[in-house]
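A.B. asks: File follows, entry37.txt with compact mmCIF, C-alpha atoms:
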# COMPACT_ATOMS: atom_id res chain seq x y z
CA ARG A 379 0.00 0.00 0.00
CA LYS A 380 1.32 3.45 -0.91
CA GLU A 381 2.08 5.78 1.99
CA VAL A 382 -0.14 8.48 0.50
CA GLU A 383 -2.79 7.65 -2.08
CA GLN A 384 -4.78 10.00 -4.26
CA ASP A 385 -7.13 9.62 -7.19
CA PRO A 386 -5.05 10.95 -10.11
CA GLY A 387 -8.04 12.33 -11.99
CA PRO A 388 -8.28 14.38 -14.10
CA PHE A 389 -11.33 16.00 -12.63
CA ASN A 390 -12.95 18.11 -15.36
CA VAL A 391 -15.48 20.52 -13.87
CA PRO A 392 -17.33 23.59 -15.14
CA GLU A 393 -16.51 26.99 -13.73
CA GLY A 394 -18.51 27.62 -10.57
CA ALA A 395 -18.74 23.96 -9.60
CA THR A 396 -17.81 22.48 -6.25
CA VAL A 397 -15.22 19.73 -6.37
CA ALA A 398 -13.77 17.49 -3.67
CA PHE A 399 -10.50 15.58 -3.57
CA ASN A 400 -9.69 12.74 -1.22
CA CYS A 401 -6.47 11.30 0.06
CA THR A 402 -5.63 8.38 2.34
CA TYR A 403 -2.41 7.77 4.25
CA SER A 404 -1.05 4.53 5.66
CA ASN A 405 1.02 5.65 8.68
CA SER A 406 -1.36 6.10 11.60
CA ALA A 407 1.35 7.96 13.53
CA SER A 408 1.50 10.77 10.96
CA GLN A 409 1.47 14.16 12.58
CA SER A 410 1.02 16.91 10.02
CA PHE A 411 -0.96 17.15 6.84
CA PHE A 412 -0.98 19.57 3.96
CA TRP A 413 -2.35 20.31 0.54
CA TYR A 414 0.12 21.68 -2.00
CA ARG A 415 -0.76 23.05 -5.40
CA GLN A 416 1.42 22.43 -8.45
CA ASP A 417 0.83 24.23 -11.72
CA CYS A 418 1.97 22.62 -14.95
CA ARG A 419 5.79 22.55 -15.15
CA LYS A 420 6.11 24.60 -11.95
CA GLU A 421 7.19 23.92 -8.39
CA PRO A 422 4.75 22.82 -5.66
CA LYS A 423 3.43 25.59 -3.43
CA LEU A 424 1.74 25.25 -0.07
CA LEU A 425 -2.02 25.71 -0.38
CA MET A 426 -3.03 25.02 3.19
CA SER A 427 -2.37 22.95 6.25
CA VAL A 428 -4.99 20.45 7.41
CA TYR A 429 -6.15 20.30 11.01
CA SER A 430 -8.32 17.80 12.84
CA SER A 431 -10.93 20.45 13.46
CA GLY A 432 -11.08 21.29 9.78
CA ASN A 433 -10.01 24.59 8.35
CA GLU A 434 -11.16 26.98 5.70
CA ASP A 435 -9.36 29.52 3.55
CA GLY A 436 -11.74 31.40 1.30
CA ARG A 437 -13.20 28.93 -1.19
CA PHE A 438 -11.02 26.08 0.08
CA THR A 439 -11.89 23.77 2.97
CA ALA A 440 -9.65 21.00 4.27
CA GLN A 441 -10.69 18.18 6.57
CA LEU A 442 -8.78 15.47 8.42
CA ASN A 443 -10.21 12.22 9.74
CA ARG A 444 -7.53 10.53 11.83
CA ALA A 445 -9.64 7.47 12.60
CA SER A 446 -10.06 6.71 8.90
CA GLN A 447 -6.65 8.13 7.94
CA TYR A 448 -8.34 10.29 5.38
CA ILE A 449 -7.80 13.88 4.21
CA SER A 450 -10.04 15.91 1.95
CA LEU A 451 -9.97 19.20 0.07
CA LEU A 452 -13.15 20.95 -1.03
CA ILE A 453 -13.06 23.77 -3.58
CA ARG A 454 -16.22 25.83 -3.93
CA ASP A 455 -17.11 28.11 -6.85
CA SER A 456 -14.25 26.78 -9.00
CA LYS A 457 -12.31 29.29 -11.08
CA LEU A 458 -10.35 28.70 -14.28
CA SER A 459 -7.27 29.65 -12.27
CA ASP A 460 -7.84 26.69 -9.93
CA SER A 461 -6.74 24.34 -12.72
CA ALA A 462 -3.67 22.61 -11.35
CA THR A 463 -2.52 19.40 -9.70
CA TYR A 464 -3.27 19.15 -5.98
CA LEU A 465 -0.78 17.19 -3.90
CA CYS A 466 -1.69 15.55 -0.62
CA VAL A 467 1.32 15.73 1.70
CA VAL A 468 1.95 14.02 5.03
CA ASN A 469 4.65 14.48 7.65
CA PRO A 470 4.98 11.17 9.44
CA ARG A 471 6.90 12.43 12.46
CA LEU A 472 6.47 15.18 15.02
CA THR A 473 10.17 16.00 15.36
CA GLY A 474 13.51 14.76 14.18
CA GLY A 475 14.41 12.88 11.00
CA GLY A 476 14.68 16.15 9.12
CA ASN A 477 10.90 16.55 9.18
CA LYS A 478 10.64 14.79 5.87
CA LEU A 479 7.42 14.97 3.88
CA THR A 480 5.70 12.20 1.94
CA PHE A 481 3.93 13.36 -1.23
CA GLY A 482 1.00 11.81 -2.99
CA THR A 483 1.09 11.59 -6.76
CA GLY A 484 -1.44 14.40 -7.07
CA THR A 485 -4.97 14.91 -8.38
CA GLN A 486 -5.31 16.91 -11.56
CA LEU A 487 -8.11 19.47 -11.74
CA LYS A 488 -9.25 21.11 -14.97
CA VAL A 489 -11.83 23.86 -14.66
CA GLU A 490 -13.60 24.59 -17.93
CA LEU A 491 -15.82 27.41 -19.24
CA ASN B 321 14.43 37.87 -1.04
CA ALA B 322 14.94 35.69 -4.10
CA GLY B 323 13.78 32.64 -2.11
CA VAL B 324 15.08 29.32 -3.41
CA THR B 325 16.96 29.49 -6.70
CA GLN B 326 18.11 26.58 -8.84
CA THR B 327 20.47 26.42 -11.78
CA PRO B 328 20.43 25.34 -14.50
CA LYS B 329 16.77 25.35 -15.55
CA PHE B 330 17.35 22.73 -18.23
CA ARG B 331 20.18 20.35 -19.04
CA ILE B 332 20.80 17.46 -21.41
CA LEU B 333 23.51 15.02 -20.40
CA LYS B 334 25.03 12.07 -22.15
CA ILE B 335 25.19 8.72 -20.37
CA GLY B 336 28.22 8.63 -18.09
CA GLN B 337 28.65 12.40 -17.80
CA SER B 338 28.60 14.16 -14.45
CA MET B 339 27.06 17.43 -13.35
CA THR B 340 26.15 19.48 -10.32
CA LEU B 341 22.70 20.96 -9.79
CA GLN B 342 22.95 24.16 -7.81
CA CYS B 343 20.51 25.25 -5.10
CA THR B 344 20.75 28.45 -3.09
CA GLN B 345 18.38 30.02 -0.58
CA ASP B 346 18.64 33.49 0.93
CA MET B 347 16.18 32.99 3.78
CA ASN B 348 18.70 31.61 6.29
CA HIS B 349 16.81 28.31 6.42
CA ASN B 350 18.48 25.44 8.24
CA TYR B 351 16.63 22.65 6.50
CA MET B 352 17.19 21.93 2.82
CA TYR B 353 15.97 19.08 0.61
CA TRP B 354 16.45 17.61 -2.84
CA TYR B 355 13.56 15.84 -4.60
CA ARG B 356 13.03 14.30 -7.98
CA GLN B 357 9.66 14.13 -9.71
CA ASP B 358 8.99 11.67 -12.48
CA PRO B 359 5.84 11.87 -14.67
CA GLY B 360 2.79 10.57 -12.82
CA MET B 361 4.79 10.03 -9.65
CA GLY B 362 4.97 11.85 -6.36
CA LEU B 363 8.06 13.74 -5.31
CA LYS B 364 10.75 11.42 -4.01
CA LEU B 365 13.31 12.65 -1.48
CA ILE B 366 16.91 12.17 -2.58
CA TYR B 367 18.91 13.84 0.21
CA TYR B 368 18.27 16.36 2.94
CA SER B 369 20.23 18.54 5.35
CA VAL B 370 19.28 19.88 8.78
CA GLY B 371 22.12 22.41 8.83
CA ALA B 372 25.54 23.27 7.47
CA GLY B 373 27.82 20.24 7.57
CA ILE B 374 24.98 17.75 8.13
CA THR B 375 23.41 15.70 5.36
CA ASP B 376 21.46 12.47 5.23
CA LYS B 377 19.98 10.10 2.68
CA GLY B 378 16.37 10.20 1.65
CA GLU B 379 14.32 7.61 -0.16
CA VAL B 380 16.26 7.46 -3.47
CA PRO B 381 19.91 8.49 -2.87
CA ASN B 382 21.68 6.06 -5.21
CA GLY B 383 23.63 7.80 -7.97
CA TYR B 384 23.67 11.16 -6.17
CA ASN B 385 25.82 13.01 -3.67
CA VAL B 386 25.36 16.24 -1.74
CA SER B 387 27.32 18.62 0.42
CA ARG B 388 26.31 21.48 2.70
CA SER B 389 29.30 23.66 3.46
CA THR B 390 27.19 26.81 4.00
CA THR B 391 23.66 27.51 5.18
CA GLU B 392 22.77 28.99 1.79
CA ASP B 393 23.98 26.33 -0.65
CA PHE B 394 23.01 22.68 -1.11
CA PRO B 395 24.41 21.35 -4.40
CA LEU B 396 23.39 17.95 -5.78
CA ARG B 397 26.03 16.00 -7.67
CA LEU B 398 25.24 13.37 -10.30
CA GLU B 399 28.08 11.02 -11.08
CA LEU B 400 27.93 8.77 -14.15
CA ALA B 401 24.54 9.94 -15.37
CA ALA B 402 22.07 7.24 -16.41
CA PRO B 403 18.78 7.45 -18.37
CA SER B 404 16.94 6.55 -15.13
CA GLN B 405 18.02 9.92 -13.74
CA THR B 406 15.99 11.78 -16.36
CA SER B 407 13.60 13.75 -14.18
CA VAL B 408 12.67 17.13 -12.78
CA TYR B 409 14.71 18.00 -9.71
CA PHE B 410 13.36 20.32 -7.03
CA CYS B 411 15.26 21.86 -4.16
CA ALA B 412 13.34 23.02 -1.08
CA SER B 413 14.13 24.76 2.18
CA THR B 414 12.48 25.74 5.44
CA SER B 415 13.16 27.16 8.87
CA GLN B 416 9.84 25.93 10.22
CA PRO B 417 9.33 22.30 9.39
CA PRO B 418 7.44 20.68 8.02
CA THR B 419 6.28 23.42 5.64
CA GLN B 420 8.72 23.62 2.72
CA TYR B 421 9.42 26.23 0.05
CA PHE B 422 10.45 24.99 -3.36
CA GLY B 423 12.74 26.29 -6.05
CA PRO B 424 11.60 26.41 -9.70
CA GLY B 425 13.22 23.08 -10.60
CA THR B 426 15.81 21.73 -13.01
CA ARG B 427 14.67 19.60 -15.94
CA LEU B 428 17.34 17.00 -16.67
CA THR B 429 17.42 14.62 -19.63
CA VAL B 430 20.03 11.88 -19.89
CA LEU B 431 20.47 10.43 -23.37
Render the structure in this file as structure tokens.

C.D. replies:
Amino acid sequence: RKEVEQDPGPFNVPEGATVAFNCTYSNSASQSFFWYRQDCRKEPKLLMSVYSSGNEDGRFTAQLNRASQYISLLIRDSKLSDSATYLCVVNPRLTGGGNKLTFGTGTQLKVEL
Amino acid sequence: NAGVTQTPKFRILKIGQSMTLQCTQDMNHNYMYWYRQDPGMGLKLIYYSVGAGITDKGEVPNGYNVSRSTTEDFPLRLELAAPSQTSVYFCASTSQPPTQYFGPGTRLTVL
């Protein structure tokens, strides 16, 4: 089983739609969780952290379910500019070990007119 | 601040050649990382450093070497390039793990 699994997509949605991405992780001791955004042929950039209580940043909402080892990202009112690949990222340790991150393969989103 | 910079942006190597990918950050970050990203695959950690003079292997270190003589620089050395090393290489840094800031990448092709 992969450490971090995502549906690769692509998700093709019309502008204004709501779209949700899911991610599962295998290490139950994982401590920190993130969504990164990667535009075509560009570097990954942090979109948002994910907390157990859930968190929202404008049109983006992230949720964490530790019991099910499941992370989600909800994008409301999709814009053309949201088209990108969304990477689910997990930090398996609280401290030490260089705070290495484990990246999912990404879910591709295409927002269309 | 320029952030994390990487050179070159693109490079084509012949099998068996060697090269160094440069990474520099001007944010005084202690932690630095090298990743490779193959098509359809997640980023894989090659090497990382928690400070000047300290480096350690990541998930896929074979065929690569690193050094960290200063806080700012973290070069990645490829010896005896092979077609399997064709990839996009990203350098990242941070002072507040685990959030990381990435450079723009180096696209390497080995023919």

A.B. asks: Counting only C-alpha atoms, which of B:Cys343, B:Val386, B:Ala322, B:Leu333 gets nearest to Phe410 in chain B?

C.D. replies: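 Selected residue with least distance to Phe410 in chain B: B:Cys343.
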
A.B. asks: With a distance cut-off of 12 Å and all atoms listed in the file, select the neighbouring residues of Asp358 in chain B, excluding the residue or stretch itself and same-chain residues fewer than 3 positions from it, and output the selection as a list in words.

C.D. replies: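 Those residues are Arg419 and Thr483 of chain A; Tyr355, Met361, Gly362, Leu363, Lys364, Leu365, Ser404, Gln405, Thr406, Ser407, Val408, Tyr409, Phe410, Arg427, Leu428 and Thr429 of chain B.
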
A.B. asks: Any idea what's packed within 6 Å of range 403-418 of chain A, counting all atoms listed in the file, ignoring anything in its chain fewer than 3 positions away? Could you give it as a PyMOL selection string?

C.D. replies: chain A and resi 381-382+421-428+447+462-472

A.B. asks: Within 7 Å of chain A, which residues belong to chain B? Use only C-alpha atoms and report them as a ChimeraX atom specification.

C.D. replies: /B:360-363,370,417-418,421-425

A.B. asks: Please write the residues from the selection above to a file, keeping C-alpha atoms, as a PDB file, in the frame of the given file.

C.D. replies:
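Now in selection.pdb:
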ATOM      1  CA  GLY B 360       2.790  10.570 -12.820  1.00  0.00           C
ATOM      2  CA  MET B 361       4.790  10.030  -9.650  1.00  0.00           C
ATOM      3  CA  GLY B 362       4.970  11.850  -6.360  1.00  0.00           C
ATOM      4  CA  LEU B 363       8.060  13.740  -5.310  1.00  0.00           C
ATOM      5  CA  VAL B 370      19.280  19.880   8.780  1.00  0.00           C
ATOM      6  CA  PRO B 417       9.330  22.300   9.390  1.00  0.00           C
ATOM      7  CA  PRO B 418       7.440  20.680   8.020  1.00  0.00           C
ATOM      8  CA  TYR B 421       9.420  26.230   0.050  1.00  0.00           C
ATOM      9  CA  PHE B 422      10.450  24.990  -3.360  1.00  0.00           C
ATOM     10  CA  GLY B 423      12.740  26.290  -6.050  1.00  0.00           C
ATOM     11  CA  PRO B 424      11.600  26.410  -9.700  1.00  0.00           C
ATOM     12  CA  GLY B 425      13.220  23.080 -10.600  1.00  0.00           C
TER      13      GLY B 425
END

A.B. asks: Quote the spacing between CA of Ile449 in chain A and CA of Cys401 in chain A in Å to one decimal place.

C.D. replies: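 Taking CA of Ile449 in chain A as the start and CA of Cys401 in chain A as the end point, the length is 5.1 Å.
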
A.B. asks: Could you list, as a list of chain:residue names, every residue within 9 Å of Leu487 in chain A, counting only C-alpha atoms and ignoring same-chain residues fewer than 6 positions away?

C.D. replies: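 So, after excluding close chain neighbours, the residues are A:Gly387, A:Pro388, A:Phe389, A:Asn390, A:Val391, A:Val397, A:Asp460, A:Ser461, A:Ala462, A:Thr463, A:Tyr464.
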
A.B. asks: Using all atoms listed in the file, can you tell me which of B:Asn382, B:Asn348, B:Ser338, B:Thr327 comes closest to Gln416 in chain B?

C.D. replies: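 Between B:Asn382, B:Asn348, B:Ser338, B:Thr327, the residue approaching Gln416 in chain B most closely is B:Asn348.
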
A.B. asks: Quick one: distance from CA of Val430 in chain B to CA of Leu396 in chain B in Å, one decimal?

C.D. replies: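 We find that CA of Val430 in chain B and CA of Leu396 in chain B lie 15.7 Å from each other.
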
A.B. asks: As JSON, please: the centre and edge lengths in Å, to one decimal, of an axis-aligned box enclosing every listed atom of range 446-462 of chain A with 5 Å added on each side.

C.D. replies:
{"center_x": -10.4, "center_y": 18.2, "center_z": -2.7, "size_x": 23.4, "size_y": 32.9, "size_z": 33.2}

A.B. asks: Mind pulling up the distance from CA of Lys380 in chain A to CA of Pro381 in chain B?

C.D. replies: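 These atoms are spaced 19.4 Å apart.
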
A.B. asks: Would you mind listing what lies within 9 Å of Leu458 in chain A as a list in words, with only C-alpha atoms counted and same-chain residues fewer than 4 positions away left out?

C.D. replies: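 Those residues are Pro392, Glu393, Lys488, Val489, Glu490 and Leu491 of chain A.
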
A.B. asks: Which of these residues is nearest to Met339 in chain B, using only C-alpha atoms: B:Ser413, B:Asn321, B:Thr375, B:Asn385?

C.D. replies: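 Among the listed residues, B:Asn385 lies closest to Met339 in chain B.
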
A.B. asks: Find the residues near Thr396 in chain A: any atom within 9 Å, counting only C-alpha atoms, skip ones fewer than 2 places away on the same chain, and give them as a list in words.

C.D. replies: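 The residues satisfying every condition are Val391, Pro392, Glu393, Gly394, Ala398, Leu452, Ile453, Arg454, Asp455 and Ser456 of chain A.
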